[in-house]
>>> print(open('query.cif').read())   # mmCIF, C-alpha atoms
data_run
loop_
_atom_site.label_atom_id
_atom_site.label_comp_id
_atom_site.auth_asym_id
_atom_site.auth_seq_id
_atom_site.Cartn_x
_atom_site.Cartn_y
_atom_site.Cartn_z
CA MET A 1 -221.44 61.64 166.68
CA SER A 2 -224.40 63.93 167.42
CA ASP A 3 -225.89 65.55 170.50
CA PRO A 4 -229.66 65.70 171.04
CA ASP A 5 -229.37 67.97 174.07
CA TYR A 6 -229.26 71.20 172.06
CA GLU A 7 -232.63 72.81 171.36
CA ALA A 8 -231.87 75.69 168.97
CA ILE A 9 -229.07 74.06 166.97
CA ALA A 10 -228.24 70.59 165.69
CA TRP A 11 -224.63 69.61 166.45
CA SER A 12 -222.74 66.70 164.92
CA PHE A 13 -219.22 65.53 164.19
CA ASP A 14 -218.00 63.00 161.63
CA GLU A 15 -214.93 61.52 163.33
CA ASP A 16 -213.73 59.70 160.21
CA ALA A 17 -213.84 62.77 157.97
CA GLY A 18 -212.98 65.26 160.71
CA VAL A 19 -215.92 67.47 159.71
CA GLY A 20 -218.11 69.20 162.27
CA ARG A 21 -221.58 70.53 161.51
CA ILE A 22 -223.85 73.03 163.21
CA GLU A 23 -227.34 73.64 161.88
CA LEU A 24 -229.35 76.62 163.09
CA ASP A 25 -232.51 74.73 163.98
CA ARG A 26 -235.50 77.01 164.38
CA PRO A 27 -237.06 76.63 160.91
CA ASP A 28 -240.53 77.73 162.03
CA ALA A 29 -238.98 81.04 163.11
CA MET A 30 -236.81 81.33 159.97
CA ASN A 31 -233.87 80.36 162.19
CA ALA A 32 -234.11 83.67 164.03
CA ILE A 33 -231.43 84.02 166.68
CA ASP A 34 -232.67 84.10 170.25
CA GLY A 35 -230.60 83.98 173.41
CA ARG A 36 -230.66 80.19 173.52
CA MET A 37 -229.35 79.88 169.96
CA GLN A 38 -226.56 82.34 170.74
CA ARG A 39 -225.47 80.34 173.78
CA GLU A 40 -225.74 76.97 172.06
CA LEU A 41 -223.86 78.16 168.98
CA ILE A 42 -221.00 79.42 171.14
CA GLU A 43 -220.97 76.20 173.16
CA GLY A 44 -221.12 74.10 169.99
CA PHE A 45 -217.98 75.71 168.60
CA ARG A 46 -216.20 75.40 171.93
CA ARG A 47 -217.11 71.74 172.00
CA PHE A 48 -215.31 71.20 168.71
CA ARG A 49 -212.19 72.67 170.32
CA ARG A 50 -212.51 70.36 173.30
CA LEU A 51 -212.47 67.34 171.00
CA GLU A 52 -208.76 67.94 170.51
CA GLU A 53 -207.74 68.40 174.13
CA ASP A 54 -206.98 64.72 174.73
CA ARG A 55 -205.87 63.87 171.21
CA THR A 56 -202.55 63.85 169.40
CA GLY A 57 -202.94 65.63 166.10
CA VAL A 58 -205.91 67.42 164.56
CA ALA A 59 -209.44 66.11 165.09
CA VAL A 60 -211.56 68.82 163.46
CA ARG A 61 -210.54 69.73 159.91
CA ALA A 62 -213.54 71.85 158.88
CA ILE A 63 -216.89 73.02 160.23
CA VAL A 64 -220.04 73.62 158.19
CA VAL A 65 -222.76 75.98 159.44
CA SER A 66 -226.19 75.84 157.82
CA GLY A 67 -229.82 76.70 158.49
CA ALA A 68 -232.69 74.23 158.84
CA GLY A 69 -235.35 74.31 156.15
CA ASP A 70 -235.21 75.91 152.73
CA ARG A 71 -236.47 79.40 153.52
CA ALA A 72 -233.66 80.92 155.54
CA PHE A 73 -230.11 80.49 156.71
CA SER A 74 -231.17 82.95 159.42
CA THR A 75 -233.19 86.15 159.49
CA GLY A 76 -231.15 87.48 162.41
CA LEU A 77 -232.22 88.65 165.84
CA ASP A 78 -235.50 87.22 167.15
CA VAL A 79 -237.57 90.41 167.20
CA GLY A 80 -240.29 88.75 169.28
CA GLU A 81 -237.82 88.11 172.07
CA MET A 82 -236.42 91.63 171.68
CA GLN A 83 -239.86 93.16 172.27
CA SER A 84 -239.92 91.82 175.82
CA ILE A 85 -236.52 93.28 176.74
CA THR A 86 -236.61 96.77 178.30
CA ASP A 87 -233.96 96.68 181.05
CA TYR A 88 -230.57 98.21 180.18
CA GLY A 89 -228.64 95.19 181.45
CA GLU A 90 -230.78 92.80 179.44
CA LYS A 91 -230.40 94.96 176.34
CA LYS A 92 -226.64 94.96 176.76
CA ARG A 93 -226.60 91.20 176.57
CA ILE A 94 -227.88 91.35 172.99
CA PRO A 95 -224.84 92.96 171.31
CA ASP A 96 -222.53 91.25 173.80
CA GLY A 97 -223.98 87.90 172.76
CA PHE A 98 -223.72 88.63 169.04
CA HIS A 99 -220.16 89.86 169.44
CA GLU A 100 -219.11 86.75 171.36
CA MET A 101 -220.91 84.52 168.86
CA ALA A 102 -219.19 86.07 165.83
CA GLU A 103 -215.83 86.19 167.60
CA THR A 104 -216.07 82.52 168.54
CA ILE A 105 -216.72 81.55 164.92
CA GLU A 106 -214.00 83.80 163.54
CA ARG A 107 -211.38 82.62 166.07
CA CYS A 108 -212.15 78.96 165.47
CA GLU A 109 -208.92 77.24 164.33
CA PRO A 110 -210.34 75.00 161.57
CA PRO A 111 -211.93 76.71 158.55
CA VAL A 112 -215.66 77.43 158.82
CA ILE A 113 -217.90 77.17 155.77
CA ALA A 114 -221.34 78.80 155.78
CA ARG A 115 -223.88 76.96 153.61
CA ILE A 116 -226.55 79.55 152.84
CA ASP A 117 -229.93 78.74 151.36
CA GLY A 118 -232.60 81.43 151.57
CA LEU A 119 -232.68 84.60 153.64
CA CYS A 120 -229.42 85.61 155.27
CA LEU A 121 -230.15 88.79 157.16
CA GLY A 122 -228.93 90.73 160.19
CA GLY A 123 -227.27 88.44 162.69
CA GLY A 124 -227.53 85.61 160.17
CA LEU A 125 -225.32 87.54 157.79
CA GLU A 126 -222.98 88.30 160.69
CA ILE A 127 -222.59 84.56 161.31
CA ALA A 128 -221.79 84.11 157.62
CA LEU A 129 -219.33 87.02 157.59
CA ALA A 130 -217.50 85.58 160.60
CA SER A 131 -217.08 82.31 158.68
CA ASP A 132 -214.12 81.77 156.36
CA PHE A 133 -216.14 80.86 153.28
CA ARG A 134 -219.71 81.48 152.14
CA LEU A 135 -221.42 79.26 149.59
CA ALA A 136 -224.99 80.16 148.69
CA SER A 137 -227.93 79.04 146.60
CA GLU A 138 -229.18 81.24 143.77
CA ARG A 139 -232.39 81.95 145.70
CA SER A 140 -230.56 83.42 148.71
CA SER A 141 -230.62 87.10 149.64
CA PHE A 142 -228.53 89.18 152.00
CA GLY A 143 -228.81 92.33 154.06
CA GLN A 144 -228.21 94.16 157.33
CA PRO A 145 -231.65 95.62 158.17
CA GLU A 146 -230.82 96.67 161.75
CA VAL A 147 -231.06 100.35 160.84
CA ASN A 148 -234.83 99.87 160.48
CA PHE A 149 -234.94 99.19 164.24
CA GLY A 150 -232.83 102.24 165.04
CA VAL A 151 -229.64 100.28 165.78
CA LEU A 152 -226.54 99.01 163.97
CA PRO A 153 -225.44 95.40 163.41
CA GLY A 154 -224.50 94.18 166.88
CA GLY A 155 -222.02 91.47 165.91
CA GLY A 156 -219.58 93.46 163.80
CA GLY A 157 -221.47 93.32 160.51
CA ALA A 158 -220.57 96.86 159.43
CA GLN A 159 -216.93 96.33 160.35
CA ARG A 160 -216.55 92.97 158.59
CA LEU A 161 -218.43 94.18 155.52
CA SER A 162 -216.08 97.17 155.27
CA MET A 163 -213.14 94.77 154.90
CA ILE A 164 -214.91 92.93 152.08
CA VAL A 165 -216.73 95.60 150.09
CA GLY A 166 -214.96 98.76 151.26
CA VAL A 167 -215.98 101.32 153.85
CA SER A 168 -218.32 103.37 151.64
CA ARG A 169 -220.29 100.39 150.35
CA ALA A 170 -220.51 98.88 153.84
CA LYS A 171 -221.97 102.16 155.10
CA GLU A 172 -224.48 102.15 152.26
CA LEU A 173 -225.60 98.56 152.89
CA CYS A 174 -225.99 99.13 156.63
CA MET A 175 -227.44 102.67 156.50
CA THR A 176 -230.09 101.81 153.89
CA GLY A 177 -230.80 98.23 154.96
CA GLU A 178 -230.57 97.28 151.29
CA ARG A 179 -231.20 93.64 150.46
CA ILE A 180 -229.18 92.10 147.63
CA ASP A 181 -229.51 88.79 145.81
CA ALA A 182 -226.90 86.03 145.70
CA GLN A 183 -225.43 87.08 142.35
CA GLN A 184 -224.91 90.64 143.56
CA ALA A 185 -223.45 89.37 146.82
CA ALA A 186 -221.01 87.23 144.84
CA ALA A 187 -220.08 90.16 142.58
CA GLU A 188 -219.25 92.22 145.68
CA GLY A 189 -217.24 89.44 147.32
CA ILE A 190 -219.71 88.82 150.14
CA VAL A 191 -220.35 85.33 148.81
CA ASP A 192 -217.61 83.10 147.42
CA HIS A 193 -219.66 80.71 145.26
CA VAL A 194 -223.28 80.57 144.09
CA HIS A 195 -225.02 77.36 143.02
CA PRO A 196 -228.54 76.26 142.06
CA ALA A 197 -230.42 75.31 145.21
CA ALA A 198 -230.67 71.66 144.16
CA GLU A 199 -226.88 71.49 143.76
CA LEU A 200 -225.82 73.46 146.85
CA ALA A 201 -225.42 70.56 149.28
CA GLU A 202 -223.23 68.59 146.88
CA ALA A 203 -221.19 71.68 145.99
CA VAL A 204 -220.54 72.41 149.66
CA GLU A 205 -219.45 68.83 150.33
CA SER A 206 -217.07 68.97 147.37
CA PHE A 207 -215.65 72.26 148.62
CA VAL A 208 -215.22 70.87 152.14
CA ASP A 209 -213.48 67.78 150.76
CA SER A 210 -211.01 69.97 148.85
CA ILE A 211 -209.92 71.49 152.18
CA VAL A 212 -210.13 68.39 154.34
CA ASP A 213 -207.84 66.56 151.90
CA LYS A 214 -205.01 69.01 152.65
CA PRO A 215 -202.59 68.93 155.62
CA PRO A 216 -204.70 70.28 158.51
CA LEU A 217 -201.92 72.15 160.31
CA ALA A 218 -201.02 73.98 157.11
CA VAL A 219 -204.69 74.84 156.50
CA ARG A 220 -205.06 76.28 160.00
CA THR A 221 -201.83 78.25 159.71
CA ILE A 222 -202.88 79.73 156.37
CA LYS A 223 -206.11 80.88 158.00
CA GLU A 224 -204.19 82.45 160.88
CA ALA A 225 -201.71 84.16 158.54
CA ALA A 226 -204.47 85.68 156.40
CA ASP A 227 -206.44 86.86 159.42
CA ARG A 228 -203.35 88.40 161.01
CA THR A 229 -202.76 90.55 157.94
CA ARG A 230 -205.87 92.58 158.65
CA GLU A 231 -205.39 92.60 162.42
CA VAL A 232 -201.73 93.48 162.99
CA GLY A 233 -200.51 94.81 159.66
CA PHE A 234 -198.67 93.43 156.67
CA GLU A 235 -195.12 93.40 158.01
CA GLU A 236 -195.95 91.65 161.27
CA ALA A 237 -198.09 89.13 159.38
CA LEU A 238 -195.12 88.43 157.10
CA GLN A 239 -192.94 87.75 160.14
CA TYR A 240 -195.58 85.40 161.50
CA GLY A 241 -195.64 83.55 158.17
CA ASN A 242 -191.87 83.12 158.25
CA ARG A 243 -191.96 81.65 161.75
CA ALA A 244 -194.95 79.47 160.91
CA TRP A 245 -193.26 78.04 157.80
CA LEU A 246 -190.27 76.94 159.86
CA SER A 247 -192.53 75.42 162.49
CA LEU A 248 -194.55 73.49 159.90
CA SER A 249 -191.35 72.21 158.30
CA GLN A 250 -190.66 70.33 161.56
CA THR A 251 -193.91 68.34 161.44
CA ARG A 252 -194.46 64.71 160.50
CA ASP A 253 -196.88 65.83 157.78
CA TYR A 254 -194.12 67.88 156.12
CA ASP A 255 -191.66 64.96 156.28
CA ARG A 256 -194.19 62.56 154.79
CA ALA A 257 -195.09 65.00 152.00
CA VAL A 258 -191.43 65.45 151.05
CA GLU A 259 -190.87 61.69 151.07
CA ALA A 260 -193.90 61.14 148.82
CA PHE A 261 -192.97 63.90 146.36
CA GLY A 262 -192.57 62.59 142.83
CA THR A 263 -194.36 59.35 143.61
CA ASP A 264 -197.97 58.27 143.25
CA ALA A 265 -198.29 57.60 146.97
CA ASP A 266 -201.18 59.21 148.85
CA VAL A 267 -200.17 60.89 152.08
CA GLU A 268 -202.36 60.29 155.10
CA TRP A 269 -202.12 63.54 157.02
CA GLU A 270 -201.76 63.16 160.78
CA GLY A 271 -202.02 66.79 161.82
CA ARG A 272 -198.74 66.70 163.71
#
>>> encode(input="query.cif", output="structure tokens")
Amino acid sequence: MSDPDYEAIAWSFDEDAGVGRIELDRPDAMNAIDGRMQRELIEGFRRFRRLEEDRTGVAVRAIVVSGAGDRAFSTGLDVGEMQSITDYGEKKRIPDGFHEMAETIERCEPPVIARIDGLCLGGGLEIALASDFRLASERSSFGQPEVNFGVLPGGGGAQRLSMIVGVSRAKELCMTGERIDAQQAAAEGIVDHVHPAAELAEAVESFVDSIVDKPPLAVRTIKEAADRTREVGFEEALQYGNRAWLSLSQTRDYDRAVEAFGTDADVEWEGR
């Protein structure tokens, strides 16, 4: 299922696999993020949520975000559009939009995988940081160059980087606008896996399959438990995990897994 009505993104959903896809689709502009792309990206993620409103069980098991073309995942804010904005209210919509965009991705219940090939800068990196996993090609590079425009990352880039690389290194990356290659990004934990460009698509599909093959309610709860640890503290996150384990133990997926234990039977997860 795809939707041709979007202009700045390509949206699709594989109902059989339960995998959603959003492609940032402005290759001639290096997938720079303008207001339209912000709005469509937010709407695209909300649409995945709506797929489950009239359904029993889990419809969306994973979402892949990528960039059109082979030059950039995204180079961030569309500077050309920014040049025409002078009013305070219009300026305010820029960080507000980036914040809502990143928050929508981060709060998405199914895991989000960013497939990165090429430049991943500014708001593009913020999209990737808001995702759960980042897989990149060897030719990719990363950075937060907003300081060169006299501002800071508007979608929480400095804050999310600080939780990955530490506060001091996050300050350095954002204050200097340093650009790093994929291997360095992987060494610092910004990227999870690096692959040759020709092998990236297959590697991402294999990674997605390894998650989609697992019980979807458990996958979502693991994501929530991990995210809560950084948001509410360790002890409260532990309490959440205890409650969540008991809740999951009441599901049909749990019962079917226990029944199949010790046999060669494949369990078809229902997400309920």
>>> resolve_selection(input="query.cif", expression="the PyMOL selection byres ((chain A and resi 201) around 12)", output="NGL selection string")
:A and (64-67 or 70 or 113-117 or 135-137 or 194-200 or 202-208)
>>> resolve_selection(input="query.cif", expression="the PyMOL selection byres ((chain A and resi 244) around 12)", output="PyMOL selection string")
chain A and resi 217-225+237-243+245-251
>>> atom_distance(input="query.cif", atom1="CA of Arg36 in chain A", atom2="CA of Glu23 in chain A")
13.8 Å
>>> residues_around(input="query.cif", residues="Gly76 in chain A", least_positions_apart="2", cutoff="10 Å", atoms="only C-alpha atoms", output="ChimeraX atom specification")
/A:30-34,72-74,78-79,119-127,143-146,153
>>> residues_around(input="query.cif", residues="Asp96 in chain A", least_positions_apart="5", cutoff="9 Å", atoms="only C-alpha atoms", output="list in words")
Met101, Gly154 and Gly155 of chain A
>>> closest_residue(input="query.cif", among="A:Arg179, A:Arg93, A:Arg252, A:Arg61", to="Ser210 in chain A", atoms="only C-alpha atoms")
A:Arg61
>>> atom_distance(input="query.cif", atom1="CA of Gly97 in chain A", atom2="CA of Gln38 in chain A")
6.5 Å
>>> residues_around(input="query.cif", residues="range 48-56 of chain A", least_positions_apart="5", cutoff="9 Å", atoms="all atoms listed in the file", output="PyMOL selection string")
chain A and resi 13+20+43+63+108-109+270-272
>>> residues_around(input="query.cif", residues="Met163 in chain A", least_positions_apart="3", cutoff="12 Å", atoms="only C-alpha atoms", output="VMD selection string")
chain A and resid 129 to 130 156 to 160 166 to 171 188 to 190 227 229 to 231
>>> atom_distance(input="query.cif", atom1="CA of Gly89 in chain A", atom2="CA of Ile42 in chain A")
20.3 Å
>>> decode(input="query.cif", residues="range 59-73 of chain A", atoms="N, CA, C and O atoms", output="PDB file, in the first residue's frame")
ATOM      1  N   ALA A  59      -0.461  -4.080  13.717  1.00  0.00           N
ATOM      2  CA  ALA A  59      -0.355  -3.993  12.255  1.00  0.00           C
ATOM      3  C   ALA A  59       1.058  -3.634  11.828  1.00  0.00           C
ATOM      4  O   ALA A  59       1.624  -4.235  10.915  1.00  0.00           O
ATOM      5  N   VAL A  60       1.645  -2.638  12.488  1.00  0.00           N
ATOM      6  CA  VAL A  60       2.956  -2.116  12.089  1.00  0.00           C
ATOM      7  C   VAL A  60       4.016  -2.669  13.029  1.00  0.00           C
ATOM      8  O   VAL A  60       4.013  -2.396  14.226  1.00  0.00           O
ATOM      9  N   ARG A  61       4.947  -3.426  12.494  1.00  0.00           N
ATOM     10  CA  ARG A  61       5.971  -4.076  13.324  1.00  0.00           C
ATOM     11  C   ARG A  61       7.323  -3.369  13.264  1.00  0.00           C
ATOM     12  O   ARG A  61       8.156  -3.548  14.151  1.00  0.00           O
ATOM     13  N   ALA A  62       7.541  -2.577  12.234  1.00  0.00           N
ATOM     14  CA  ALA A  62       8.783  -1.800  12.125  1.00  0.00           C
ATOM     15  C   ALA A  62       8.585  -0.750  11.042  1.00  0.00           C
ATOM     16  O   ALA A  62       7.749  -0.911  10.144  1.00  0.00           O
ATOM     17  N   ILE A  63       9.358   0.333  11.146  1.00  0.00           N
ATOM     18  CA  ILE A  63       9.303   1.407  10.151  1.00  0.00           C
ATOM     19  C   ILE A  63      10.732   1.739   9.730  1.00  0.00           C
ATOM     20  O   ILE A  63      11.619   1.897  10.585  1.00  0.00           O
ATOM     21  N   VAL A  64      10.938   1.841   8.439  1.00  0.00           N
ATOM     22  CA  VAL A  64      12.254   2.192   7.897  1.00  0.00           C
ATOM     23  C   VAL A  64      12.182   3.597   7.304  1.00  0.00           C
ATOM     24  O   VAL A  64      11.291   3.903   6.516  1.00  0.00           O
ATOM     25  N   VAL A  65      13.127   4.446   7.691  1.00  0.00           N
ATOM     26  CA  VAL A  65      13.231   5.801   7.139  1.00  0.00           C
ATOM     27  C   VAL A  65      14.515   5.874   6.324  1.00  0.00           C
ATOM     28  O   VAL A  65      15.590   5.482   6.798  1.00  0.00           O
ATOM     29  N   SER A  66      14.413   6.385   5.104  1.00  0.00           N
ATOM     30  CA  SER A  66      15.580   6.487   4.228  1.00  0.00           C
ATOM     31  C   SER A  66      15.512   7.788   3.445  1.00  0.00           C
ATOM     32  O   SER A  66      14.534   8.538   3.540  1.00  0.00           O
ATOM     33  N   GLY A  67      16.545   8.047   2.677  1.00  0.00           N
ATOM     34  CA  GLY A  67      16.589   9.234   1.832  1.00  0.00           C
ATOM     35  C   GLY A  67      16.683   8.845   0.370  1.00  0.00           C
ATOM     36  O   GLY A  67      17.387   7.888   0.012  1.00  0.00           O
ATOM     37  N   ALA A  68      15.990   9.563  -0.497  1.00  0.00           N
ATOM     38  CA  ALA A  68      16.025   9.269  -1.931  1.00  0.00           C
ATOM     39  C   ALA A  68      17.392   9.626  -2.513  1.00  0.00           C
ATOM     40  O   ALA A  68      18.037  10.590  -2.094  1.00  0.00           O
ATOM     41  N   GLY A  69      17.824   8.849  -3.486  1.00  0.00           N
ATOM     42  CA  GLY A  69      19.106   9.099  -4.119  1.00  0.00           C
ATOM     43  C   GLY A  69      20.252   8.490  -3.337  1.00  0.00           C
ATOM     44  O   GLY A  69      20.058   7.875  -2.291  1.00  0.00           O
ATOM     45  N   ASP A  70      21.466   8.691  -3.844  1.00  0.00           N
ATOM     46  CA  ASP A  70      22.630   8.098  -3.186  1.00  0.00           C
ATOM     47  C   ASP A  70      23.620   9.143  -2.674  1.00  0.00           C
ATOM     48  O   ASP A  70      24.755   8.832  -2.341  1.00  0.00           O
ATOM     49  N   ARG A  71      23.161  10.403  -2.598  1.00  0.00           N
ATOM     50  CA  ARG A  71      24.064  11.449  -2.114  1.00  0.00           C
ATOM     51  C   ARG A  71      23.823  11.832  -0.667  1.00  0.00           C
ATOM     52  O   ARG A  71      24.745  12.226   0.042  1.00  0.00           O
ATOM     53  N   ALA A  72      22.562  11.715  -0.227  1.00  0.00           N
ATOM     54  CA  ALA A  72      22.256  12.193   1.118  1.00  0.00           C
ATOM     55  C   ALA A  72      21.045  11.492   1.702  1.00  0.00           C
ATOM     56  O   ALA A  72      20.051  11.256   1.002  1.00  0.00           O
ATOM     57  N   PHE A  73      21.152  11.163   2.976  1.00  0.00           N
ATOM     58  CA  PHE A  73      19.963  10.823   3.768  1.00  0.00           C
ATOM     59  C   PHE A  73      19.166  12.110   3.917  1.00  0.00           C
ATOM     60  O   PHE A  73      18.014  12.191   3.533  1.00  0.00           O
TER      61      PHE A  73
END
